[in-house]
$ cat query_5.tsv   # TSV, C-alpha atoms and all ligand atoms
chain	number	residue	atom	x	y	z
A	1	MET	CA	-2.37	48.88	-49.55
A	2	LEU	CA	-2.29	52.61	-48.91
A	3	LYS	CA	-3.80	53.84	-52.15
A	4	GLY	CA	-5.80	52.16	-54.85
A	5	PRO	CA	-6.00	50.22	-56.89
A	6	TYR	CA	-6.82	53.05	-59.27
A	7	LEU	CA	-7.06	53.36	-63.05
A	8	GLN	CA	-4.96	55.47	-65.40
A	9	ASP	CA	-4.23	56.06	-69.09
A	10	LEU	CA	-7.30	54.61	-70.75
A	11	ALA	CA	-7.03	53.65	-74.42
A	12	PRO	CA	-8.97	51.34	-76.77
A	13	THR	CA	-6.72	48.34	-76.14
A	14	SER	CA	-4.86	49.19	-72.93
A	15	ILE	CA	-5.20	50.61	-69.45
A	16	THR	CA	-2.87	51.15	-66.49
A	17	VAL	CA	-3.60	49.95	-62.96
A	18	MET	CA	-1.73	51.66	-60.09
A	19	TRP	CA	-1.53	51.26	-56.31
A	20	GLN	CA	0.67	52.27	-53.40
A	21	LEU	CA	1.85	49.95	-50.64
A	22	ASP	CA	3.48	50.72	-47.33
A	23	GLN	CA	6.38	48.64	-48.54
A	24	GLY	CA	7.20	47.30	-51.98
A	25	ALA	CA	5.97	43.84	-52.94
A	26	PRO	CA	5.45	42.04	-56.24
A	27	ALA	CA	1.91	42.04	-57.55
A	28	ARG	CA	-0.20	40.01	-59.90
A	29	ILE	CA	-3.10	41.55	-61.82
A	30	VAL	CA	-5.78	39.14	-63.00
A	31	VAL	CA	-7.94	40.59	-65.80
A	32	ASP	CA	-11.12	38.89	-66.91
A	33	GLY	CA	-13.26	39.88	-69.89
A	34	PRO	CA	-13.46	39.10	-73.60
A	35	GLY	CA	-11.03	36.29	-74.32
A	36	GLY	CA	-11.11	34.97	-70.76
A	37	PRO	CA	-8.92	35.63	-67.75
A	38	ARG	CA	-5.22	36.35	-67.93
A	39	THR	CA	-2.53	37.48	-65.59
A	40	VAL	CA	0.02	40.29	-65.65
A	41	GLU	CA	2.93	40.28	-63.21
A	42	ALA	CA	4.32	43.50	-61.72
A	43	THR	CA	7.72	43.78	-60.06
A	44	ALA	CA	8.01	44.90	-56.45
A	45	ALA	CA	7.53	48.62	-56.00
A	46	ARG	CA	6.05	50.87	-53.37
A	47	ILE	CA	4.07	52.76	-56.00
A	48	GLY	CA	3.09	49.91	-58.27
A	49	GLU	CA	1.98	50.14	-61.85
A	50	ALA	CA	0.94	47.61	-64.46
A	51	THR	CA	-0.17	48.29	-68.00
A	52	ILE	CA	-2.69	45.82	-69.33
A	53	ASP	CA	-2.56	45.64	-73.11
A	54	ARG	CA	-4.11	43.56	-75.91
A	55	LEU	CA	-7.60	44.43	-74.66
A	56	VAL	CA	-10.70	44.60	-76.85
A	57	PRO	CA	-12.08	48.14	-77.48
A	58	SER	CA	-15.44	49.10	-75.96
A	59	SER	CA	-15.44	46.14	-73.58
A	60	ARG	CA	-15.94	45.82	-69.85
A	61	TYR	CA	-13.46	43.89	-67.77
A	62	ARG	CA	-13.03	42.87	-64.17
A	63	TYR	CA	-9.60	43.12	-62.62
A	64	ARG	CA	-8.06	42.01	-59.39
A	65	VAL	CA	-4.76	43.06	-57.86
A	66	GLU	CA	-3.19	40.30	-55.76
A	67	ILE	CA	-0.37	41.10	-53.36
A	68	ALA	CA	1.02	38.97	-50.56
A	69	GLY	CA	-2.12	36.92	-50.05
A	70	HIS	CA	-4.56	39.82	-50.29
A	71	SER	CA	-6.63	40.95	-53.27
A	72	TRP	CA	-8.48	44.08	-54.33
A	73	ALA	CA	-11.06	43.94	-57.14
A	74	GLY	CA	-12.42	46.52	-59.57
A	75	GLU	CA	-13.67	46.88	-63.09
A	76	PHE	CA	-13.14	49.07	-66.14
A	77	ALA	CA	-14.38	49.59	-69.69
A	78	THR	CA	-11.92	50.09	-72.53
A	79	ALA	CA	-12.24	53.09	-74.85
A	80	PRO	CA	-13.90	52.75	-78.26
A	81	GLU	CA	-11.81	52.67	-81.41
A	82	VAL	CA	-10.36	56.12	-82.08
A	83	GLY	CA	-12.67	57.97	-84.44
A	84	SER	CA	-15.76	55.96	-83.51
A	85	ASP	CA	-18.85	58.09	-83.64
A	86	VAL	CA	-20.33	56.58	-80.48
A	87	PRO	CA	-21.96	58.60	-77.69
A	88	PHE	CA	-19.89	58.99	-74.56
A	89	SER	CA	-19.81	60.99	-71.38
A	90	PHE	CA	-17.21	62.14	-68.92
A	91	ILE	CA	-17.04	63.94	-65.60
A	92	VAL	CA	-15.09	67.13	-64.90
A	93	VAL	CA	-14.27	67.86	-61.26
A	94	GLY	CA	-11.55	69.82	-59.48
A	95	ASP	CA	-10.31	71.78	-56.47
A	96	THR	CA	-10.96	69.04	-53.96
A	97	ARG	CA	-8.22	70.25	-51.61
A	98	SER	CA	-8.81	70.85	-47.90
A	99	GLY	CA	-12.53	70.12	-47.93
A	100	VAL	CA	-12.89	66.48	-46.99
A	101	ASP	CA	-16.61	66.37	-46.19
A	102	ALA	CA	-17.68	68.38	-49.23
A	103	HIS	CA	-15.23	66.41	-51.40
A	104	ARG	CA	-16.76	63.18	-50.13
A	105	ARG	CA	-20.29	64.34	-50.97
A	106	VAL	CA	-19.27	65.31	-54.50
A	107	VAL	CA	-17.52	61.99	-55.05
A	108	GLU	CA	-20.47	60.01	-53.70
A	109	ARG	CA	-22.75	61.78	-56.18
A	110	ILE	CA	-20.33	61.19	-59.08
A	111	ALA	CA	-20.20	57.51	-58.14
A	112	GLN	CA	-23.89	57.26	-59.03
A	113	GLU	CA	-22.98	58.05	-62.65
A	114	VAL	CA	-21.35	55.70	-65.13
A	115	PRO	CA	-18.92	58.03	-66.89
A	116	ASP	CA	-16.46	56.82	-69.48
A	117	PHE	CA	-13.66	58.69	-67.69
A	118	VAL	CA	-13.05	61.49	-65.19
A	119	LEU	CA	-11.11	64.70	-65.89
A	120	GLY	CA	-9.52	66.55	-62.97
A	121	THR	CA	-9.07	70.32	-63.19
A	122	GLY	CA	-6.31	70.32	-60.55
A	123	ASP	CA	-5.65	71.28	-56.93
A	124	MET	CA	-6.33	67.79	-55.65
A	125	VAL	CA	-4.44	68.64	-52.46
A	126	ASP	CA	-3.63	71.82	-50.57
A	127	ASP	CA	0.11	71.19	-50.39
A	128	GLY	CA	1.63	68.77	-52.86
A	129	TYR	CA	4.51	68.19	-50.43
A	130	ARG	CA	2.26	66.64	-47.76
A	131	GLN	CA	1.80	62.93	-48.22
A	132	ASP	CA	-1.04	62.87	-45.68
A	133	GLU	CA	-3.07	65.10	-48.00
A	134	TRP	CA	-2.45	62.83	-50.99
A	135	GLN	CA	-3.50	59.92	-48.79
A	136	GLN	CA	-6.71	61.73	-47.91
A	137	PHE	CA	-7.42	62.52	-51.56
A	138	PHE	CA	-7.04	58.89	-52.58
A	139	GLU	CA	-9.09	57.64	-49.64
A	140	VAL	CA	-12.04	59.87	-50.53
A	141	GLU	CA	-11.73	58.97	-54.21
A	142	SER	CA	-10.90	55.30	-53.75
A	143	LEU	CA	-14.10	53.66	-55.00
A	144	LEU	CA	-14.50	56.15	-57.84
A	145	LEU	CA	-10.93	55.77	-59.09
A	146	ARG	CA	-11.01	52.00	-58.67
A	147	ASP	CA	-13.64	51.70	-61.40
A	148	ASN	CA	-13.14	54.89	-63.45
A	149	VAL	CA	-10.05	56.18	-65.21
A	150	TYR	CA	-8.85	59.54	-63.92
A	151	PHE	CA	-6.99	62.03	-66.13
A	152	PRO	CA	-5.60	64.80	-63.89
A	153	ALA	CA	-4.44	68.31	-64.73
A	154	VAL	CA	-1.83	69.69	-62.34
A	155	GLY	CA	-2.90	72.65	-60.19
A	156	ASN	CA	-0.77	75.19	-58.36
A	157	HIS	CA	-1.41	73.50	-55.00
A	158	ASP	CA	-0.42	70.07	-56.33
A	159	ARG	CA	3.16	71.28	-56.64
A	160	GLN	CA	5.55	71.24	-53.77
A	161	GLY	CA	8.52	72.80	-52.06
A	162	ARG	CA	11.12	75.19	-53.38
A	163	GLY	CA	10.90	75.30	-57.14
A	164	ARG	CA	7.31	74.10	-56.99
A	165	THR	CA	8.15	70.71	-58.45
A	166	ALA	CA	5.46	68.22	-59.39
A	167	ASP	CA	7.25	65.13	-58.09
A	168	SER	CA	4.36	63.69	-56.07
A	169	TYR	CA	1.91	64.38	-58.85
A	170	ARG	CA	4.17	62.60	-61.32
A	171	ALA	CA	4.76	59.69	-58.97
A	172	TYR	CA	1.08	59.07	-58.33
A	173	PHE	CA	-0.20	59.44	-61.89
A	174	SER	CA	0.70	57.69	-65.09
A	175	VAL	CA	-0.67	59.73	-67.95
A	176	PRO	CA	0.08	59.50	-71.68
A	177	ASP	CA	3.73	60.36	-72.24
A	178	ASN	CA	3.28	62.53	-75.29
A	179	GLY	CA	3.75	66.04	-73.93
A	180	GLY	CA	6.99	67.99	-74.10
A	181	ASP	CA	7.46	67.85	-70.31
A	182	THR	CA	6.90	64.41	-68.90
A	183	GLU	CA	3.38	63.89	-67.63
A	184	ARG	CA	2.64	67.54	-66.83
A	185	TYR	CA	0.76	68.03	-70.05
A	186	TYR	CA	-0.48	65.42	-72.46
A	187	ALA	CA	-3.14	64.49	-74.98
A	188	PHE	CA	-5.40	61.52	-75.44
A	189	SER	CA	-8.20	60.42	-77.72
A	190	TYR	CA	-11.60	59.05	-76.84
A	191	ALA	CA	-13.94	58.06	-79.69
A	192	ALA	CA	-14.16	61.10	-81.99
A	193	ALA	CA	-12.70	63.53	-79.45
A	194	ARG	CA	-9.16	64.70	-78.78
A	195	LEU	CA	-8.51	65.91	-75.24
A	196	LEU	CA	-5.59	68.20	-74.41
A	197	VAL	CA	-4.65	68.35	-70.74
A	198	LEU	CA	-2.44	71.38	-70.12
A	199	ASP	CA	-0.24	72.66	-67.30
A	200	SER	CA	-1.32	76.28	-66.86
A	201	ASN	CA	1.10	76.98	-63.97
A	202	GLU	CA	3.40	79.61	-65.32
A	203	TYR	CA	5.79	80.24	-62.46
A	204	SER	CA	7.84	77.10	-62.91
A	205	PHE	CA	8.05	76.99	-66.66
A	206	ALA	CA	7.28	79.27	-69.55
A	207	LEU	CA	3.84	78.91	-71.03
A	208	SER	CA	5.55	79.44	-74.37
A	209	ASP	CA	7.30	76.05	-73.99
A	210	GLN	CA	3.93	74.42	-74.09
A	211	THR	CA	2.38	76.74	-76.63
A	212	ALA	CA	4.25	75.23	-79.59
A	213	TRP	CA	3.23	71.72	-78.49
A	214	LEU	CA	-0.36	72.90	-78.04
A	215	GLU	CA	-0.52	74.37	-81.51
A	216	ARG	CA	1.01	71.24	-83.05
A	217	GLU	CA	-1.62	69.16	-81.31
A	218	LEU	CA	-4.41	71.47	-82.45
A	219	ILE	CA	-3.20	71.42	-86.06
A	220	ALA	CA	-2.92	67.63	-86.01
A	221	ALA	CA	-6.39	67.28	-84.53
A	222	ARG	CA	-7.93	69.58	-87.09
A	223	GLN	CA	-6.21	67.69	-89.92
A	224	ASP	CA	-7.47	64.37	-88.58
A	225	ALA	CA	-10.86	63.43	-90.04
A	226	ALA	CA	-11.45	61.16	-87.05
A	227	VAL	CA	-11.47	64.11	-84.62
A	228	HIS	CA	-14.82	65.88	-84.37
A	229	HIS	CA	-14.34	67.56	-81.00
A	230	ILE	CA	-11.36	69.05	-79.18
A	231	PHE	CA	-11.58	69.63	-75.44
A	232	ALA	CA	-8.91	71.47	-73.44
A	233	VAL	CA	-8.43	71.06	-69.68
A	234	MET	CA	-6.17	73.15	-67.44
A	235	HIS	CA	-6.21	74.41	-63.90
A	236	HIS	CA	-6.38	78.18	-64.41
A	237	PRO	CA	-9.32	79.83	-66.16
A	238	PRO	CA	-8.84	82.42	-68.91
A	239	PHE	CA	-12.13	84.03	-67.85
A	240	SER	CA	-13.61	84.28	-64.37
A	241	VAL	CA	-15.38	86.84	-62.20
A	242	ALA	CA	-14.75	84.90	-58.98
A	243	LEU	CA	-11.96	85.53	-56.47
A	244	HIS	CA	-8.88	84.84	-58.63
A	245	GLY	CA	-10.29	86.20	-61.89
A	246	GLY	CA	-9.28	85.21	-65.39
A	247	SER	CA	-5.63	84.77	-66.40
A	248	ARG	CA	-4.43	87.46	-68.77
A	249	ASP	CA	-1.44	85.33	-69.81
A	250	LEU	CA	-3.74	82.53	-70.88
A	251	ARG	CA	-5.97	84.95	-72.73
A	252	GLU	CA	-2.97	86.32	-74.61
A	253	ARG	CA	-1.26	83.03	-75.39
A	254	TRP	CA	-3.78	80.21	-75.55
A	255	THR	CA	-7.27	81.53	-76.16
A	256	PRO	CA	-6.28	82.78	-79.66
A	257	LEU	CA	-5.27	79.18	-80.43
A	258	PHE	CA	-8.53	77.81	-79.01
A	259	GLU	CA	-10.36	80.22	-81.32
A	260	LYS	CA	-8.18	79.59	-84.38
A	261	TYR	CA	-8.68	75.84	-84.17
A	262	GLN	CA	-12.27	75.96	-82.91
A	263	VAL	CA	-11.87	74.08	-79.64
A	264	THR	CA	-15.21	72.65	-78.54
A	265	ALA	CA	-14.88	73.65	-74.88
A	266	VAL	CA	-12.25	74.55	-72.29
A	267	PHE	CA	-12.51	73.28	-68.69
A	268	SER	CA	-10.67	74.88	-65.76
A	269	GLY	CA	-10.74	75.08	-61.98
A	270	HIS	CA	-8.79	77.33	-59.57
A	271	ASP	CA	-11.78	79.54	-58.74
A	272	HIS	CA	-13.95	77.46	-56.42
A	273	VAL	CA	-17.25	78.02	-58.20
A	274	TYR	CA	-19.21	77.00	-61.28
A	275	GLU	CA	-18.88	79.42	-64.19
A	276	ARG	CA	-19.85	79.35	-67.83
A	277	ALA	CA	-18.24	81.85	-70.15
A	278	GLU	CA	-18.14	82.48	-73.86
A	279	HIS	CA	-15.57	84.53	-75.72
A	280	ASN	CA	-15.25	84.82	-79.50
A	281	GLY	CA	-17.48	81.79	-79.94
A	282	ILE	CA	-15.53	79.43	-77.65
A	283	ARG	CA	-17.09	78.07	-74.48
A	284	TYR	CA	-15.22	78.07	-71.19
A	285	PHE	CA	-16.35	76.34	-68.00
A	286	VAL	CA	-14.89	76.75	-64.53
A	287	SER	CA	-15.48	73.73	-62.34
A	288	GLY	CA	-13.69	74.25	-59.04
A	289	GLY	CA	-16.41	72.99	-56.74
A	290	GLY	CA	-14.95	69.61	-55.78
A	291	GLY	CA	-14.71	70.33	-52.05
A	292	ALA	CA	-12.37	73.28	-51.42
A	293	PRO	CA	-13.95	76.30	-49.66
A	294	LEU	CA	-16.21	78.14	-52.09
A	295	TYR	CA	-15.05	81.52	-53.34
A	296	PRO	CA	-16.95	84.81	-53.51
A	297	ARG	CA	-17.27	87.02	-56.50
A	298	ARG	CA	-14.27	89.18	-57.25
A	299	PRO	CA	-14.93	92.73	-56.06
A	300	HIS	CA	-13.77	94.40	-59.26
A	301	PRO	CA	-13.69	91.98	-62.20
A	302	SER	CA	-11.97	93.08	-65.38
A	303	PRO	CA	-14.23	94.20	-68.23
A	304	VAL	CA	-13.13	91.24	-70.35
A	305	ASP	CA	-14.06	88.78	-67.58
A	306	LEU	CA	-17.39	90.51	-67.03
A	307	ASP	CA	-18.17	90.37	-70.73
A	308	ALA	CA	-17.29	86.69	-71.07
A	309	VAL	CA	-18.87	85.13	-67.98
A	310	LYS	CA	-22.57	84.35	-68.49
A	311	LYS	CA	-23.26	82.35	-65.34
A	312	LEU	CA	-21.71	81.91	-61.89
A	313	GLU	CA	-22.83	79.79	-58.97
A	314	ARG	CA	-21.09	79.14	-55.68
A	315	SER	CA	-21.78	75.47	-55.06
A	316	PHE	CA	-20.03	72.16	-54.65
A	317	HIS	CA	-20.55	70.42	-57.95
A	318	PHE	CA	-19.11	68.58	-60.94
A	319	LEU	CA	-19.76	68.69	-64.69
A	320	ARG	CA	-21.29	65.89	-66.71
A	321	VAL	CA	-20.27	66.22	-70.36
A	322	THR	CA	-22.15	64.14	-72.91
A	323	VAL	CA	-21.12	63.90	-76.57
A	324	THR	CA	-23.60	62.45	-79.04
A	325	GLY	CA	-22.45	62.91	-82.62
A	326	SER	CA	-22.06	66.64	-83.18
A	327	ARG	CA	-24.07	67.47	-80.07
A	328	VAL	CA	-22.25	68.42	-76.88
A	329	GLU	CA	-24.08	68.84	-73.61
A	330	VAL	CA	-22.53	70.15	-70.39
A	331	THR	CA	-24.52	69.90	-67.16
A	332	GLY	CA	-23.41	71.36	-63.84
A	333	VAL	CA	-24.55	68.96	-61.11
A	334	ARG	CA	-24.57	70.00	-57.45
A	335	SER	CA	-23.41	67.51	-54.83
A	336	ASP	CA	-27.07	66.90	-53.89
A	337	GLY	CA	-27.78	65.81	-57.47
A	338	SER	CA	-29.74	68.91	-58.48
A	339	VAL	CA	-28.82	70.65	-61.72
A	340	ILE	CA	-27.22	74.10	-61.93
A	341	GLU	CA	-27.89	74.34	-65.66
A	342	THR	CA	-27.44	72.46	-68.91
A	343	THR	CA	-25.74	73.97	-71.93
A	344	ALA	CA	-26.02	72.21	-75.28
A	345	TRP	CA	-24.72	73.00	-78.72
A	346	SER	CA	-23.60	71.39	-81.94
A	347	ASP	CA	-20.00	71.32	-82.98
A	348	GLY	CA	-17.89	69.42	-85.43
A	349	PRO	CA	-14.90	69.35	-87.72
A	350	SER	CA	-16.00	72.33	-89.77
A	351	PRO	CA	-16.74	75.78	-88.34
A	352	PRO	CA	-20.21	75.47	-86.85
A	353	ASP	CA	-23.18	77.41	-88.08
A	354	PRO	CA	-23.54	80.32	-85.64
A	355	THR	CA	-27.30	79.78	-85.55
A	356	GLN	CA	-26.66	76.32	-84.13
A	357	ARG	CA	-24.34	77.55	-81.40
A	358	GLN	CA	-26.85	78.17	-78.67
A	359	ILE	CA	-25.88	78.95	-75.17
A	360	GLY	CA	-28.05	78.53	-72.14
A	361	ALA	CA	-30.53	75.83	-71.32
A	362	ALA	CA	-30.96	73.02	-73.82
A	363	PRO	CA	-33.95	73.79	-76.03
A	364	GLU	CA	-36.98	71.73	-75.16
A	365	ALA	CA	-37.85	71.27	-78.84
A	366	THR	CA	-34.65	69.32	-79.50
A	367	PRO	CA	-35.06	65.83	-78.11
A	368	ARG	CA	-31.88	64.56	-76.56
A	369	PRO	CA	-30.67	61.44	-78.34
A	370	PRO	CA	-30.77	58.56	-75.93
A	371	ARG	CA	-27.48	57.51	-74.43
A	372	LEU	CA	-26.20	54.13	-75.38
A	373	PRO	CA	-27.01	51.69	-72.66
A	374	CYS	CA	-23.98	51.44	-70.47
A	375	PRO	CA	-22.75	47.94	-69.89
A	376	PRO	CA	-24.13	46.80	-66.57
A	377	ARG	CA	-21.83	46.96	-63.61
A	378	LEU	CA	-20.40	43.55	-63.14
A	379	PRO	CA	-21.17	41.68	-59.95
A	380	ARG	CA	-18.18	41.49	-57.71
A	381	PRO	CA	-16.32	38.27	-58.44
A	382	PRO	CA	-16.28	35.78	-55.61
A	383	SER	CA	-13.13	35.63	-53.57
A	384	LEU	CA	-10.83	33.21	-55.31
A	385	PRO	CA	-8.10	31.21	-53.67
A	386	ILE	CA	-4.93	33.21	-54.05
A	387	PRO	CA	-2.16	31.21	-55.68
A	388	PRO	CA	1.31	31.53	-54.18
A	389	ILE	CA	3.08	34.73	-55.10
A	390	PRO	CA	6.38	34.21	-56.94
A	391	PRO	CA	9.50	35.76	-55.44
A	392	PRO	CA	10.41	39.29	-56.58
A	393	ALA	CA	12.04	39.47	-60.00
A	394	ARG	CA	15.07	41.08	-58.44
A	401	FE	FE	-5.57	76.70	-57.80

$ encode --input "query_5.tsv" --output "structure tokens"
Amino acid sequence: MLKGPYLQDLAPTSITVMWQLDQGAPARIVVDGPGGPRTVEATAARIGEATIDRLVPSSRYRYRVEIAGHSWAGEFATAPEVGSDVPFSFIVVGDTRSGVDAHRRVVERIAQEVPDFVLGTGDMVDDGYRQDEWQQFFEVESLLLRDNVYFPAVGNHDRQGRGRTADSYRAYFSVPDNGGDTERYYAFSYAAARLLVLDSNEYSFALSDQTAWLERELIAARQDAAVHHIFAVMHHPPFSVALHGGSRDLRERWTPLFEKYQVTAVFSGHDHVYERAEHNGIRYFVSGGGGAPLYPRRPHPSPVDLDAVKKLERSFHFLRVTVTGSRVEVTGVRSDGSVIETTAWSDGPSPPDPTQRQIGAAPEATPRPPRLPCPPRLPRPPSLPIPPIPPPAR
């Protein structure tokens, strides 16, 4: 097995397991949890994929991928019912390219958390055409992605060759197929949140193609009583005072929509720093500290970037986002585990009271509601005798 197994496309009753082999072979996935063990067969493929359905929401499962007499084990937890008002947390990390040691340190620190899923802000590799770089990315991330579902956004470096196609990205990831351009942008729900993962690369397609889809998604989310929070994720930041700076196109086309529909927060990468910005009441975070060389400040930031950005730090880091009812908390965590800062505020389906929209450190006077106890990590199942593998289906 070259890559994986790794987890994709988390939902309340289904999940996708993927892997890559050096040559195609049929696989069997044994899933054990509520209802007892069962088996899913996957046809021979070099990049294998199996969707496990009929799962129980909010439940932890073991799984084992069996191929040609070998097996690889992991575990996952299904998402809660859509609309559930349960606390949850997720990790945001990006720009891991070309920085193996730093990338490894960030991943090792993330692995000490028990997030409900991981969001990638893009630029996983330096050159999307180079398979050795994808191999390196998956090797560094292997234990993390074995037990945690990864939702990637596509960065400019993840594309490849003439025309900057996203073929490798699309081959390696299986994300919800509900965007207008297969797998490059998509939406998913987790508990009472709707997450919109966008493709902010503008040179290979018009941002306007995606804008109509984005606004439809935002309208639907705001009309859905089950959605209390909307998060947007994309590679390029609308506001930044680091090397690349904020994207004027995004500010002109998408930030008005984020404001109109009161998006809870927007997460980006591309600039290899931590940044927190606020513009017209919407919070923007840059998290591009996943391992790529850190960037300096931009010599001459635009006035709009300067006005929006409230905090910048050059450090390898990730974000821990915790949602507890209307309360949202975003913590920047350095790869040594120390905290850059915590930002907390209340948000919800109706326009929030401006007096409740605090920015900066979480107020001491407001006790943080305790997180729900995470289901304990399951002990690794003992090695089981591998039954004979049936011949390929074709
Ligand atoms: Fe980038």

$ closest_residue --input "query_5.tsv" --among "A:Thr16, A:Ser208, A:Gln23, A:Thr342" --to "Ala50 of chain A" --atoms "only C-alpha atoms"
A:Thr16

$ closest_residue --input "query_5.tsv" --among "A:Val227, A:Val65, A:Leu198, A:Val263" --to "Ala25 of chain A" --atoms "all atoms listed in the file"
A:Val65

$ residues_near_ligand --input "query_5.tsv" --ligand "ligand FE 401 (chain A)" --cutoff "9 Å" --atoms "all atoms listed in the file" --output "PyMOL selection string"
chain A and resi 95+122-123+126+155-158+235-236+244+269-272+288

$ closest_residue --input "query_5.tsv" --among "A:Ala232, A:Ala79, A:Val107, A:Val339" --to "Tyr186 of chain A" --atoms "all atoms listed in the file"
A:Ala232

$ axis_aligned_box --input "query_5.tsv" --around "segment 94-106 of chain A" --padding-each-side "6 Å" --output "AutoDock Vina command-line options"
--center_x -14.3 --center_y 67.5 --center_z -52.8 --size_x 24.1 --size_y 20.6 --size_z 25.3

$ closest_residue --input "query_5.tsv" --among "A:Pro293, A:His300, A:Gly180, A:Thr324" --to "Ala102 of chain A" --atoms "all atoms listed in the file"
A:Pro293

$ closest_residue --input "query_5.tsv" --among "A:Leu243, A:Leu196, A:Val31, A:Leu257" --to "His229 of chain A" --atoms "all atoms listed in the file"
A:Leu196

$ closest_residue --input "query_5.tsv" --among "A:Val330, A:Ala187, A:Leu214, A:Met1" --to "Thr255 of chain A" --atoms "only C-alpha atoms"
A:Leu214

$ residues_around --input "query_5.tsv" --residues "Thr264 of chain A" --least-positions-apart "3" --cutoff "7 Å" --atoms "all atoms listed in the file" --output "PyMOL selection string"
chain A and resi 229-231+282+347

$ residues_near_point --input "query_5.tsv" --point "(-15.2, 89.8, -63.4)" --cutoff "10 Å" --atoms "only C-alpha atoms" --output "ChimeraX atom specification"
/A:239-246,297-309

$ write_last_selection --input "query_5.tsv" --atoms "C-alpha atoms" --output "mmCIF file, in the coordinates of the input"
data_model
loop_
_atom_site.group_PDB
_atom_site.id
_atom_site.type_symbol
_atom_site.label_atom_id
_atom_site.label_comp_id
_atom_site.auth_asym_id
_atom_site.auth_seq_id
_atom_site.Cartn_x
_atom_site.Cartn_y
_atom_site.Cartn_z
ATOM 1 C CA PHE A 239 -12.130 84.030 -67.850
ATOM 2 C CA SER A 240 -13.610 84.280 -64.370
ATOM 3 C CA VAL A 241 -15.380 86.840 -62.200
ATOM 4 C CA ALA A 242 -14.750 84.900 -58.980
ATOM 5 C CA LEU A 243 -11.960 85.530 -56.470
ATOM 6 C CA HIS A 244 -8.880 84.840 -58.630
ATOM 7 C CA GLY A 245 -10.290 86.200 -61.890
ATOM 8 C CA GLY A 246 -9.280 85.210 -65.390
ATOM 9 C CA ARG A 297 -17.270 87.020 -56.500
ATOM 10 C CA ARG A 298 -14.270 89.180 -57.250
ATOM 11 C CA PRO A 299 -14.930 92.730 -56.060
ATOM 12 C CA HIS A 300 -13.770 94.400 -59.260
ATOM 13 C CA PRO A 301 -13.690 91.980 -62.200
ATOM 14 C CA SER A 302 -11.970 93.080 -65.380
ATOM 15 C CA PRO A 303 -14.230 94.200 -68.230
ATOM 16 C CA VAL A 304 -13.130 91.240 -70.350
ATOM 17 C CA ASP A 305 -14.060 88.780 -67.580
ATOM 18 C CA LEU A 306 -17.390 90.510 -67.030
ATOM 19 C CA ASP A 307 -18.170 90.370 -70.730
ATOM 20 C CA ALA A 308 -17.290 86.690 -71.070
ATOM 21 C CA VAL A 309 -18.870 85.130 -67.980
#

$ residues_near_point --input "query_5.tsv" --point "(2.5, 74.7, -72.0)" --cutoff "9 Å" --atoms "only C-alpha atoms" --output "ChimeraX atom specification"
/A:179-181,184-185,198-202,205-214

$ atom_distance --input "query_5.tsv" --atom1 "atom CA of Leu218 of chain A" --atom2 "atom CA of Val154 of chain A"
20.4 Å

$ atom_distance --input "query_5.tsv" --atom1 "atom CA of Asp127 of chain A" --atom2 "atom CA of Gln160 of chain A"
6.4 Å

$ atom_distance --input "query_5.tsv" --atom1 "atom CA of Phe138 of chain A" --atom2 "atom CA of Gly289 of chain A"
17.4 Å

$ residues_around --input "query_5.tsv" --residues "Leu319 of chain A" --least-positions-apart "6" --cutoff "8 Å" --atoms "only C-alpha atoms" --output "PyMOL selection string"
chain A and resi 91-93+287+330-333

$ residues_around --input "query_5.tsv" --residues "Ala191 of chain A" --least-positions-apart "6" --cutoff "10 Å" --atoms "all atoms listed in the file" --output "MDAnalysis selection string"
chainID A and resid 11:12 58 79:88 226:229 323
